[in-house]
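Chemist: Coordinates in query-v2.txt, compact mmCIF, C-alpha atoms, are listed below.
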```
# COMPACT_ATOMS: atom_id res chain seq x y z
CA MET J 20 86.80 124.83 88.15
CA SER J 21 83.49 124.16 89.93
CA THR J 22 82.55 127.86 89.99
CA PHE J 23 82.23 127.91 86.18
CA HIS J 24 79.46 126.86 83.87
CA ARG J 25 81.84 124.28 82.46
CA THR J 26 82.50 123.99 78.75
CA ALA J 27 85.03 121.92 76.80
CA ALA J 28 86.31 122.02 73.22
CA PHE J 29 88.24 119.35 71.31
CA HIS J 30 90.56 119.20 68.32
CA THR J 31 92.00 116.00 66.81
CA LEU J 32 95.11 115.62 64.66
CA GLY J 33 96.02 112.41 62.87
CA CYS J 34 94.31 109.08 62.40
CA LYS J 35 90.82 107.62 62.79
CA LEU J 36 91.97 105.98 66.02
CA ASN J 37 92.66 109.44 67.47
CA PHE J 38 89.14 110.54 66.49
CA ALA J 39 87.67 107.52 68.29
CA GLU J 40 89.68 108.32 71.42
CA THR J 41 88.83 112.04 71.37
CA SER J 42 85.15 111.08 71.26
CA THR J 43 85.58 108.85 74.30
CA ILE J 44 87.35 111.63 76.25
CA ALA J 45 84.62 114.08 75.17
CA ARG J 46 81.91 111.70 76.42
CA GLN J 47 83.70 111.45 79.78
CA LEU J 48 83.63 115.24 80.12
CA THR J 49 80.01 115.65 78.98
CA ASP J 50 78.94 112.87 81.37
CA ALA J 51 80.66 114.88 84.13
CA GLY J 52 78.60 117.98 83.30
CA TYR J 53 80.71 119.80 80.71
CA ASP J 54 78.98 121.25 77.65
CA LYS J 55 80.82 120.56 74.41
CA VAL J 56 81.48 123.65 72.28
CA SER J 57 83.31 124.41 69.03
CA PHE J 58 87.10 124.74 69.26
CA ASP J 59 86.94 128.40 68.22
CA ASP J 60 84.38 129.21 70.91
CA LYS J 61 85.17 130.39 74.43
CA ALA J 62 85.67 127.24 76.54
CA ASN J 63 86.98 126.45 80.02
CA VAL J 64 88.99 123.47 78.73
CA TYR J 65 90.60 122.84 75.33
CA VAL J 66 91.73 119.28 74.62
CA ILE J 67 94.13 118.78 71.70
CA ASN J 68 94.74 115.16 70.65
CA THR J 69 98.09 115.06 68.83
CA CYS J 70 99.78 112.83 66.27
CA SER J 71 103.44 111.83 65.90
CA VAL J 72 103.22 110.54 62.34
CA THR J 73 102.85 113.91 60.62
CA GLU J 74 106.07 115.73 59.84
CA ASN J 75 104.94 118.94 61.52
CA ALA J 76 103.66 117.56 64.85
CA ASP J 77 105.37 120.34 66.80
CA ARG J 78 104.15 123.16 64.53
CA GLU J 79 100.58 121.82 64.40
CA CYS J 80 100.42 121.47 68.18
CA LYS J 81 101.60 125.09 68.68
CA LEU J 82 99.15 126.35 66.05
CA HIS J 83 96.13 124.86 67.84
CA VAL J 84 97.33 125.99 71.26
CA LYS J 85 97.38 129.53 69.81
CA ARG J 86 93.85 129.04 68.46
CA ALA J 87 92.65 128.01 71.92
CA MET J 88 94.37 130.97 73.58
CA LYS J 89 92.84 133.34 71.04
CA ALA J 90 89.34 131.96 71.77
CA ASN J 91 89.86 132.21 75.54
CA PRO J 92 93.17 133.36 77.09
CA GLU J 93 91.97 131.99 80.46
CA GLY J 94 91.03 128.55 79.09
CA LEU J 95 92.91 125.47 80.29
CA VAL J 96 94.83 123.73 77.48
CA VAL J 97 95.35 119.97 77.75
CA ILE J 98 97.54 118.08 75.27
CA VAL J 99 97.07 114.30 74.79
CA GLY J 100 97.95 111.74 72.10
CA CYS J 101 101.04 110.25 70.49
CA TYR J 102 103.11 113.44 70.36
CA ALA J 103 102.27 114.06 74.04
CA GLN J 104 103.63 110.61 74.93
CA LEU J 105 106.81 111.06 72.88
CA LYS J 106 107.72 114.67 73.75
CA PRO J 107 105.86 115.63 76.96
CA GLU J 108 108.56 117.95 78.35
CA GLU J 109 108.91 119.78 75.05
CA ILE J 110 105.14 120.32 74.83
CA SER J 111 104.95 121.53 78.44
CA GLN J 112 107.21 124.46 77.43
CA ILE J 113 104.76 125.71 74.79
CA ASP J 114 103.23 129.00 75.88
CA GLY J 115 99.63 128.39 76.96
CA VAL J 116 99.85 124.65 77.67
CA ASP J 117 98.66 123.75 81.18
CA LEU J 118 98.59 119.94 81.19
CA VAL J 119 100.23 117.14 79.16
CA LEU J 120 98.81 113.63 79.55
CA GLY J 121 100.52 110.47 78.27
CA ALA J 122 99.03 107.34 76.73
CA LYS J 123 97.97 105.87 80.07
CA GLU J 124 96.75 109.10 81.68
CA LYS J 125 94.60 110.62 78.91
CA PHE J 126 91.56 108.51 79.81
CA ASN J 127 91.72 109.78 83.41
CA ILE J 128 91.54 113.42 82.31
CA LEU J 129 88.79 114.29 84.83
CA SER J 130 90.94 113.46 87.84
CA TYR J 131 93.62 115.90 86.60
CA LEU J 132 91.20 118.73 85.77
CA ASP J 133 89.72 119.12 89.26
CA ASP J 134 92.64 121.07 90.75
CA LEU J 135 94.10 122.47 87.53
CA GLU J 136 94.59 126.21 87.26
CA LYS J 137 95.86 128.43 84.46
CA THR J 138 99.59 128.90 84.84
CA GLU J 139 102.13 131.38 83.55
CA ASN J 140 104.85 128.75 83.93
CA GLU J 141 105.35 125.51 82.03
CA GLY J 142 102.53 122.97 81.89
CA ILE J 143 102.22 120.01 84.26
CA VAL J 144 103.21 116.63 82.80
CA HIS J 145 101.64 113.30 83.77
CA SER J 146 103.18 110.68 81.51
CA CYS J 147 104.04 107.09 82.36
CA GLU J 148 106.82 105.07 80.76
CA ILE J 149 105.25 103.53 77.66
CA GLU J 150 106.09 100.03 78.99
CA GLU J 151 103.39 100.59 81.63
CA THR J 152 100.71 101.08 78.97
CA ASP J 153 99.30 97.57 78.91
CA PHE J 154 95.54 98.17 79.32
CA PHE J 155 92.85 98.72 76.71
CA ILE J 156 90.20 101.44 76.65
CA GLY J 157 87.45 100.65 74.16
CA SER J 158 86.19 103.68 72.27
CA TYR J 159 84.26 104.82 69.26
CA SER J 160 83.61 108.16 67.62
CA ILE J 161 80.61 109.34 65.71
CA GLY J 162 82.08 111.57 63.05
CA ASP J 163 79.22 112.92 60.96
CA ARG J 164 76.15 110.86 61.92
CA THR J 165 76.85 108.70 58.85
CA ARG J 166 79.75 106.58 60.10
CA ALA J 167 81.43 105.69 63.38
CA PHE J 168 85.08 104.76 63.99
CA LEU J 169 85.19 101.75 66.33
CA LYS J 170 88.51 101.09 68.10
CA VAL J 171 89.20 97.36 68.48
CA GLN J 172 92.98 97.29 69.05
CA ASP J 173 95.82 99.57 70.21
CA GLY J 174 99.63 99.52 70.24
CA CYS J 175 102.04 97.55 68.06
CA ASP J 176 104.68 94.85 68.61
CA TYR J 177 106.28 95.39 65.20
CA LYS J 178 109.66 97.11 65.05
CA CYS J 179 109.55 98.89 61.69
CA THR J 180 112.72 100.95 61.50
CA TYR J 181 111.01 104.25 60.55
CA CYS J 182 108.11 104.20 63.02
CA THR J 183 107.59 105.84 66.43
CA ILE J 184 104.10 104.46 67.04
CA PRO J 185 105.25 101.60 69.35
CA LEU J 186 107.07 104.27 71.40
CA ALA J 187 103.92 106.40 71.52
CA ARG J 188 101.26 103.74 71.98
CA GLY J 189 102.97 100.76 73.61
CA ILE J 190 102.49 97.02 73.10
CA SER J 191 99.77 95.40 71.02
CA ARG J 192 96.56 94.87 72.97
CA SER J 193 92.92 94.34 72.10
CA ASP J 194 89.41 94.96 73.30
CA THR J 195 87.39 91.88 74.27
CA ILE J 196 85.04 90.57 71.60
CA GLY J 197 82.15 91.08 74.02
CA ASN J 198 82.94 94.77 74.43
CA VAL J 199 83.44 95.32 70.68
CA LEU J 200 80.03 93.74 70.01
CA LYS J 201 78.44 95.86 72.76
CA ASN J 202 79.90 99.05 71.21
CA ALA J 203 78.82 97.96 67.71
CA THR J 204 75.27 97.35 68.96
CA GLU J 205 75.22 100.80 70.63
CA ILE J 206 76.33 102.39 67.36
CA ALA J 207 73.67 100.49 65.38
CA ALA J 208 70.99 101.74 67.82
CA LYS J 209 71.94 105.35 66.96
CA ASP J 210 70.91 104.79 63.31
CA ILE J 211 74.50 105.11 62.10
CA LYS J 212 74.83 103.25 58.83
CA GLU J 213 78.58 102.54 58.68
CA ILE J 214 81.23 101.37 61.14
CA VAL J 215 84.94 101.70 60.36
CA LEU J 216 87.10 99.28 62.39
CA THR J 217 90.23 101.06 63.65
CA GLY J 218 93.40 100.29 65.60
CA VAL J 219 97.16 100.64 65.25
CA ASN J 220 97.56 97.09 63.89
CA ILE J 221 94.06 95.61 63.68
CA GLY J 222 95.15 92.40 61.98
CA ASP J 223 96.93 91.58 65.26
CA TYR J 224 93.54 91.60 67.02
CA GLY J 225 93.25 89.17 69.94
CA LYS J 226 96.67 89.77 71.40
CA GLY J 227 96.37 91.27 74.87
CA GLU J 228 92.60 90.74 74.98
CA PHE J 229 92.93 89.65 78.61
CA GLY J 230 95.77 91.98 79.62
CA ASN J 231 98.42 89.43 78.65
CA LYS J 232 99.80 87.93 75.44
CA LYS J 233 97.23 85.11 75.34
CA HIS J 234 95.73 84.95 71.88
CA GLU J 235 92.32 83.35 72.34
CA HIS J 236 90.68 85.17 69.45
CA THR J 237 91.90 86.27 66.03
CA PHE J 238 90.97 89.00 63.56
CA LEU J 239 88.92 86.37 61.69
CA ASP J 240 86.97 85.59 64.90
CA LEU J 241 86.33 89.30 65.38
CA ILE J 242 84.94 89.96 61.91
CA SER J 243 82.94 86.69 62.01
CA GLU J 244 81.17 87.89 65.18
CA LEU J 245 80.67 91.45 63.90
CA ASN J 246 79.16 89.99 60.74
CA LYS J 247 76.27 88.68 62.89
CA VAL J 248 75.39 92.04 64.53
CA GLU J 249 71.95 93.19 63.41
CA GLY J 250 71.25 96.74 62.30
CA ILE J 251 74.62 97.68 60.77
CA GLU J 252 74.40 98.36 57.06
CA ARG J 253 78.14 98.60 56.41
CA ILE J 254 81.37 97.64 58.14
CA ARG J 255 84.63 98.90 56.63
CA ILE J 256 88.04 97.54 57.63
CA SER J 257 90.66 100.28 57.98
CA SER J 258 94.34 99.66 57.29
CA ILE J 259 95.48 96.02 57.75
CA GLU J 260 98.99 94.56 57.35
CA PRO J 261 99.32 92.24 54.30
CA ASN J 262 100.87 89.41 56.35
CA LEU J 263 97.88 89.50 58.73
CA LEU J 264 95.18 89.64 56.04
CA LYS J 265 94.44 85.94 55.55
CA ASP J 266 92.52 84.24 52.74
CA GLU J 267 89.75 83.28 55.19
CA SER J 268 89.15 86.94 56.10
CA ILE J 269 89.06 87.94 52.43
CA GLU J 270 86.57 85.12 51.73
CA LEU J 271 84.35 86.22 54.63
CA VAL J 272 84.25 89.81 53.37
CA SER J 273 83.42 88.60 49.86
CA LYS J 274 80.32 86.73 51.15
CA SER J 275 79.27 89.22 53.85
CA LYS J 276 76.18 91.41 53.67
CA SER J 277 77.68 94.05 55.99
CA PHE J 278 81.46 94.04 55.31
CA VAL J 279 82.16 96.17 52.24
CA PRO J 280 84.57 95.32 49.38
CA HIS J 281 87.25 97.82 50.38
CA PHE J 282 90.73 97.08 51.76
CA HIS J 283 93.57 99.40 52.70
CA ILE J 284 96.85 97.50 52.81
CA PRO J 285 100.19 99.19 53.64
CA LEU J 286 103.00 98.31 51.22
CA GLN J 287 105.59 101.05 52.04
CA SER J 288 107.99 99.94 49.28
CA GLY J 289 107.95 97.82 46.14
CA SER J 290 111.64 96.96 46.65
CA ASP J 291 112.33 93.78 48.63
CA ASP J 292 115.71 95.22 49.68
CA LEU J 293 113.99 98.22 51.25
CA LEU J 294 111.23 96.14 52.85
CA LYS J 295 113.99 94.22 54.65
CA LYS J 296 115.67 97.48 55.75
CA MET J 297 112.31 98.71 57.01
CA LYS J 298 111.85 95.41 58.93
CA ARG J 299 108.46 94.85 57.30
CA ARG J 300 107.12 91.32 57.76
CA TYR J 301 106.51 90.40 54.12
CA LEU J 302 108.04 90.78 50.66
CA THR J 303 106.47 91.93 47.40
CA LYS J 304 105.40 88.39 46.39
CA LEU J 305 103.13 88.05 49.43
CA TYR J 306 101.71 91.53 48.81
CA ASN J 307 101.03 90.67 45.17
CA ASP J 308 99.29 87.45 46.26
CA ARG J 309 97.02 89.36 48.70
CA VAL J 310 95.92 91.84 46.02
CA ASN J 311 95.28 89.11 43.47
CA LYS J 312 93.29 87.04 45.97
CA ILE J 313 91.02 90.04 46.63
CA ARG J 314 90.61 90.65 42.90
CA GLU J 315 89.80 86.96 42.33
CA VAL J 316 86.86 86.90 44.78
CA MET J 317 85.85 90.60 44.59
CA PRO J 318 86.65 91.97 41.12
CA ASP J 319 85.13 95.36 41.99
CA ALA J 320 86.78 95.83 45.40
CA ALA J 321 88.60 99.08 46.17
CA ILE J 322 92.21 98.48 47.25
CA GLY J 323 94.16 101.35 48.81
CA VAL J 324 97.91 101.28 49.42
CA ASP J 325 100.26 103.15 51.79
CA VAL J 326 103.71 103.83 50.36
CA ILE J 327 106.76 105.74 51.66
CA VAL J 328 109.14 107.59 49.34
CA GLY J 329 112.68 108.72 50.18
CA PHE J 330 113.53 106.05 52.77
CA PRO J 331 117.34 105.82 53.35
CA GLY J 332 118.87 103.69 50.63
CA GLU J 333 116.05 104.32 48.14
CA THR J 334 118.18 104.75 45.03
CA GLU J 335 116.59 105.80 41.74
CA GLU J 336 116.58 102.12 40.74
CA ARG J 337 114.79 101.03 43.93
CA PHE J 338 112.25 103.82 43.61
CA MET J 339 111.47 102.70 40.06
CA GLU J 340 111.01 99.15 41.38
CA THR J 341 108.28 100.56 43.64
CA TYR J 342 106.78 102.66 40.84
CA ASN J 343 106.65 99.77 38.38
CA PHE J 344 105.34 97.31 40.97
CA LEU J 345 102.46 99.68 41.83
CA ASN J 346 101.82 100.55 38.20
CA GLU J 347 101.26 96.89 37.35
CA LEU J 348 99.20 96.02 40.46
CA PRO J 349 95.39 96.14 40.10
CA ILE J 350 94.95 98.63 42.95
CA THR J 351 92.65 101.65 43.29
CA TYR J 352 94.54 104.51 44.98
CA LEU J 353 97.69 105.36 46.97
CA HIS J 354 98.37 107.24 50.20
CA VAL J 355 101.89 108.56 49.62
CA PHE J 356 104.09 109.55 52.57
CA THR J 357 107.40 111.37 52.27
CA TYR J 358 109.95 109.81 54.63
CA SER J 359 111.09 112.10 57.42
CA GLU J 360 113.66 111.31 60.09
CA ARG J 361 112.29 110.44 63.55
CA GLU J 362 114.28 110.46 66.78
CA ASN J 363 114.84 107.07 68.43
CA THR J 364 114.27 105.09 65.24
CA GLU J 365 116.84 102.88 63.50
CA ALA J 366 116.25 104.49 60.13
CA ALA J 367 117.34 107.93 61.43
CA ASP J 368 120.96 106.66 61.54
CA MET J 369 120.95 104.77 58.23
CA GLU J 370 123.19 105.68 55.33
CA GLY J 371 121.95 106.55 51.86
CA VAL J 372 119.95 109.64 52.84
CA VAL J 373 117.76 110.81 49.95
CA PRO J 374 117.82 114.59 49.32
CA VAL J 375 114.58 116.29 50.36
CA ALA J 376 113.98 117.70 46.84
CA GLU J 377 114.24 114.17 45.43
CA ARG J 378 111.79 112.86 48.06
CA LYS J 379 109.28 115.52 47.00
CA LYS J 380 109.72 114.69 43.32
CA ARG J 381 109.07 110.99 43.97
CA ASN J 382 106.04 111.82 46.10
CA LYS J 383 104.59 113.82 43.21
CA MET J 384 105.22 111.00 40.72
CA LEU J 385 103.33 108.52 42.90
CA ARG J 386 100.47 110.95 43.56
CA ILE J 387 100.01 111.35 39.80
CA LEU J 388 100.05 107.54 39.47
CA SER J 389 97.43 107.33 42.25
CA GLU J 390 95.13 109.72 40.41
CA LYS J 391 95.47 107.68 37.20
CA LYS J 392 94.73 104.45 39.08
CA LYS J 393 91.68 105.94 40.76
CA MET J 394 90.23 107.32 37.54
CA ALA J 395 90.82 103.99 35.76
CA PHE J 396 89.00 102.20 38.60
CA TYR J 397 86.12 104.70 38.53
CA GLN J 398 85.85 104.14 34.77
CA THR J 399 85.22 100.42 35.36
CA GLN J 400 82.31 101.30 37.68
CA LEU J 401 80.42 103.59 35.29
CA GLY J 402 77.07 102.19 34.18
CA LYS J 403 76.74 100.05 37.32
CA THR J 404 73.95 100.43 39.87
CA LEU J 405 75.45 100.66 43.35
CA PRO J 406 74.28 101.60 46.86
CA VAL J 407 75.46 105.08 47.93
CA LEU J 408 75.52 106.28 51.55
CA TRP J 409 74.92 110.06 51.54
CA GLU J 410 76.77 112.34 53.99
CA HIS J 411 75.43 115.44 55.75
CA GLU J 412 77.75 118.09 54.29
CA ASN J 413 76.23 120.67 51.94
CA LYS J 414 79.05 122.01 49.77
CA ASP J 415 77.96 124.66 47.28
CA GLY J 416 74.55 123.02 46.96
CA LYS J 417 75.99 119.52 46.42
CA MET J 418 75.96 116.44 48.64
CA PHE J 419 78.51 113.64 48.54
CA GLY J 420 78.56 109.96 49.36
CA PHE J 421 80.49 106.74 48.84
CA THR J 422 79.57 103.47 47.23
CA GLU J 423 80.48 100.32 49.16
CA ASN J 424 83.65 100.07 47.05
CA TYR J 425 84.67 103.65 47.82
CA VAL J 426 83.69 105.52 44.66
CA ARG J 427 82.92 109.12 45.68
CA VAL J 428 79.74 110.42 44.08
CA GLN J 429 77.75 113.65 44.17
CA LYS J 430 74.29 115.06 43.43
CA ASP J 431 72.26 118.18 44.26
CA PHE J 432 71.84 118.54 48.02
CA ASP J 433 68.60 117.17 49.44
CA PRO J 434 68.38 116.92 53.25
CA ALA J 435 65.92 114.02 52.97
CA PHE J 436 68.76 111.79 51.75
CA VAL J 437 71.31 112.57 54.51
CA ASN J 438 72.45 109.30 56.16
CA GLN J 439 70.33 107.31 53.69
CA ILE J 440 71.47 104.56 51.34
CA GLU J 441 70.21 104.98 47.80
CA PHE J 442 70.72 102.65 44.81
CA LEU J 443 71.99 104.76 41.93
CA ASN J 444 73.43 104.40 38.47
CA LEU J 445 77.00 105.72 38.15
CA GLU J 446 76.91 108.06 35.18
CA LYS J 447 80.14 109.92 34.44
CA ILE J 448 83.36 111.20 36.05
CA LEU J 449 83.17 114.95 36.73
CA SER J 450 85.98 117.51 36.58
CA ASP J 451 86.43 117.46 40.39
CA GLY J 452 87.09 113.71 40.33
CA THR J 453 83.71 112.66 41.73
CA VAL J 454 81.07 110.70 39.81
CA SER J 455 77.60 111.91 38.88
CA VAL J 456 74.65 109.58 39.49
CA GLN J 457 71.08 109.10 38.35
CA SER J 458 68.16 107.25 39.89
CA SER J 459 67.76 103.71 38.66
CA TYR J 460 64.90 101.27 38.33
CA GLN J 461 66.57 99.20 41.06
CA ASN J 462 66.24 102.19 43.39
CA PHE J 463 62.45 101.99 43.14
CA LEU J 464 62.57 98.23 43.67
CA ALA J 465 64.72 98.73 46.81
CA LYS J 466 62.16 101.16 48.25
CA ALA J 467 59.15 99.00 47.33
```
As a first step, turn the structure in this file into structure tokens.

Modeler:
Amino acid sequence: MSTFHRTAAFHTLGCKLNFAETSTIARQLTDAGYDKVSFDDKANVYVINTCSVTENADRECKLHVKRAMKANPEGLVVIVGCYAQLKPEEISQIDGVDLVLGAKEKFNILSYLDDLEKTENEGIVHSCEIEETDFFIGSYSIGDRTRAFLKVQDGCDYKCTYCTIPLARGISRSDTIGNVLKNATEIAAKDIKEIVLTGVNIGDYGKGEFGNKKHEHTFLDLISELNKVEGIERIRISSIEPNLLKDESIELVSKSKSFVPHFHIPLQSGSDDLLKKMKRRYLTKLYNDRVNKIREVMPDAAIGVDVIVGFPGETEERFMETYNFLNELPITYLHVFTYSERENTEAADMEGVVPVAERKKRNKMLRILSEKKKMAFYQTQLGKTLPVLWEHENKDGKMFGFTENYVRVQKDFDPAFVNQIEFLNLEKILSDGTVSVQSSYQNFLAKA
């Protein structure tokens, strides 16, 4: 490897947490002298960070290995991430793969690259048993100069019957508050306006902070300390379990200058029978209470919901329970997932399998409901003057941004406004589902 001018390219599949971890691995390589290049450029090393949640993990992994091989047939291909932890031997058989690193090994990528050579045979696997993954690597990614994903927690101790994430990421463990604050301060110094807190189960923050199960700090402690960090305009909480989202945390967000009024709370099913089969840790009453508490203290908050359709035992009647529950809840949008069987999960052996065509039909029904909910929420925001953080993308002469409460807006592209927060009046909903804006008197006051 040392004879090359060394270059590395990266591709991430899956969640915000994966993006944060890819950025950390990329920083390790650039600190060691690698130049970072685009994934479709000729590189010495291609790192693909995989996901096990998507239905097509295997197909997607193969697709991006082919992309790497097309860009440089001599390039070394390294596979990391959840799918690499779950199916390392399978991945090592993919033509072009040279190295597969598990959950514990991926952050030591440099030590494996030194002696690695392109092989015609199957790739080399370094993957520990997931029980050994009991350490925490703090990381953050800077996605588009506008926001950063800050990892505060990893792993999960929950045993939901459909989920492979505990098998792929290990036990629940957390970064220390000191390290989270250090990372947040570093991000603020880079003039990044928004931080998104990420993890597998961030409401469980504090567990494993010291490499054991001692729970000195809580999620409330974490957000209380982050609330004091100077120089961060916005902090957004990513997905948080309803049973771990306490009233005190909701109250803090409602009074905070930096935490934005936006929550994403997994529901998975509106049927108590199915929630029990899924081994979720709440029932619909608690979920309803969480949403209503948010609405009580933050009437304009955005509330997103994860929901699964087609879980074993989801009869037509139980699906309609979910549909009606969501229809009546004052939420903003849905992320709808179609259930798919996963090896080594309890749900894979359950009776009451829902036909795939029926799963797709139910998915479509909920996506239509989501669109209606979102448009109804946007309607309530028209005429209001809200701060918009503009992103860097120029799409057909337009630029896009989000209000604090997650309304997506657009205007004519102007590079002077990239990564700037502007107070604007929300005018009307456009045909593409975004909202047009106009300057407001308050905007001039804010600049004065």

Chemist: Excluding Ser257 of chain J and any residue of its chain fewer than 5 positions from it, enumerate the residues within 9 Å of it, using only C-alpha atoms, and give them as number ranges by chain.

Modeler: J: 35, 215-218, 221, 281-284

Chemist: Using all atoms listed in the file, pick whichever of J:Glu244, J:Glu360, J:Glu315, J:Asp368 has the shortest atom-to-atom distance to Gly329 of chain J.

Modeler: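 Among the listed residues, J:Glu360 lies closest to Gly329 of chain J.
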
Chemist: Give the answer as one residue: which of J:Thr183, J:Ser71, J:Asn220, J:Thr351 has the shortest atom-to-atom distance to Thr399 of chain J, using all atoms listed in the file?

Modeler: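 For Thr399 of chain J, the nearest of the given residues is J:Thr351.
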
Chemist: Contacts of segment 266-278 of chain J at 8 Å or less, counting all atoms listed in the file, minus same-chain residues fewer than 4 places along, as a list in words?

Modeler: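 With the cut-off at 8 Å, the set is Phe238, Leu239, Ile242, Ser243, Asn246, Ile251, Glu252, Arg253, Ile254, Arg255, Ile256, Arg309, Lys312, Ile313, Val316 and Met317 of chain J.
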
Chemist: Please write the residues from the selection above to a file, keeping C-alpha atoms, as a tab-separated table (two decimals), in the frame of the given file.

Modeler:
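New file part-v7.tsv:
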```
chain	number	residue	atom	x	y	z
J	238	PHE	CA	90.97	89.00	63.56
J	239	LEU	CA	88.92	86.37	61.69
J	242	ILE	CA	84.94	89.96	61.91
J	243	SER	CA	82.94	86.69	62.01
J	246	ASN	CA	79.16	89.99	60.74
J	251	ILE	CA	74.62	97.68	60.77
J	252	GLU	CA	74.40	98.36	57.06
J	253	ARG	CA	78.14	98.60	56.41
J	254	ILE	CA	81.37	97.64	58.14
J	255	ARG	CA	84.63	98.90	56.63
J	256	ILE	CA	88.04	97.54	57.63
J	309	ARG	CA	97.02	89.36	48.70
J	312	LYS	CA	93.29	87.04	45.97
J	313	ILE	CA	91.02	90.04	46.63
J	316	VAL	CA	86.86	86.90	44.78
J	317	MET	CA	85.85	90.60	44.59
```

Chemist: State, in Å with one decimal place, the distance from atom CA of Ser160 of chain J to atom CA of Lys209 of chain J.

Modeler: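 Computing it gives 12.0 Å between the two atoms.
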
Chemist: Give me the residues within 7 Å of segment 286-289 of chain J as a PyMOL selection string, counting only C-alpha atoms and dropping any in the same chain fewer than 3 places off.

Modeler: chain J and resi 293-294+303+324-327+340-341+344

Chemist: Given the selection you just returned, output its residues as a file containing C-alpha atoms, formatted as a PDB file, in the coordinates of the input.

Modeler:
```pdb
ATOM      1  CA  LEU J 293     113.990  98.220  51.250  1.00  0.00           C
ATOM      2  CA  LEU J 294     111.230  96.140  52.850  1.00  0.00           C
ATOM      3  CA  THR J 303     106.470  91.930  47.400  1.00  0.00           C
ATOM      4  CA  VAL J 324      97.910 101.280  49.420  1.00  0.00           C
ATOM      5  CA  ASP J 325     100.260 103.150  51.790  1.00  0.00           C
ATOM      6  CA  VAL J 326     103.710 103.830  50.360  1.00  0.00           C
ATOM      7  CA  ILE J 327     106.760 105.740  51.660  1.00  0.00           C
ATOM      8  CA  GLU J 340     111.010  99.150  41.380  1.00  0.00           C
ATOM      9  CA  THR J 341     108.280 100.560  43.640  1.00  0.00           C
ATOM     10  CA  PHE J 344     105.340  97.310  40.970  1.00  0.00           C
TER      11      PHE J 344
END
```

Chemist: Edge lengths and centre in Å to one decimal, as AutoDock Vina command-line options, is what I'm after for the box along x, y and z that holds all listed atoms of segment 353-369 of chain J once 3 Å is added on each side.

Modeler:
```
--center_x 109.3 --center_y 107.5 --center_z 57.7 --size_x 29.3 --size_y 15.2 --size_z 27.5
```

Chemist: Within 12 Å of (108.3, 116.6, 75.6) in the file's own coordinates, which protein, DNA or RNA residues have an atom, counting only C-alpha atoms? List them as a PyMOL selection string.

Modeler: chain J and resi 71+76-77+80+98-113+116+118-121+141-146+187

Chemist: Would you please work out which residue, of J:Ile448, J:Leu408, J:Leu186, J:Ala395, is nearest to Arg166 of chain J when using all atoms listed in the file?

Modeler: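 Nearest candidate to Arg166 of chain J out of J:Ile448, J:Leu408, J:Leu186, J:Ala395: J:Leu408.
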
Chemist: Counting only C-alpha atoms, which of J:Lys298, J:Met384, J:Leu36, J:Val426 gets nearest to Arg188 of chain J?

Modeler: J:Leu36

Chemist: Applying 12 Å and all atoms listed in the file, which residues near Leu135 of chain J remain after dropping the ones on its own chain fewer than 3 positions away? List them as number ranges by chain.

Modeler: J: 20-21, 63-64, 94-97, 116-119, 128-132, 138, 142-144
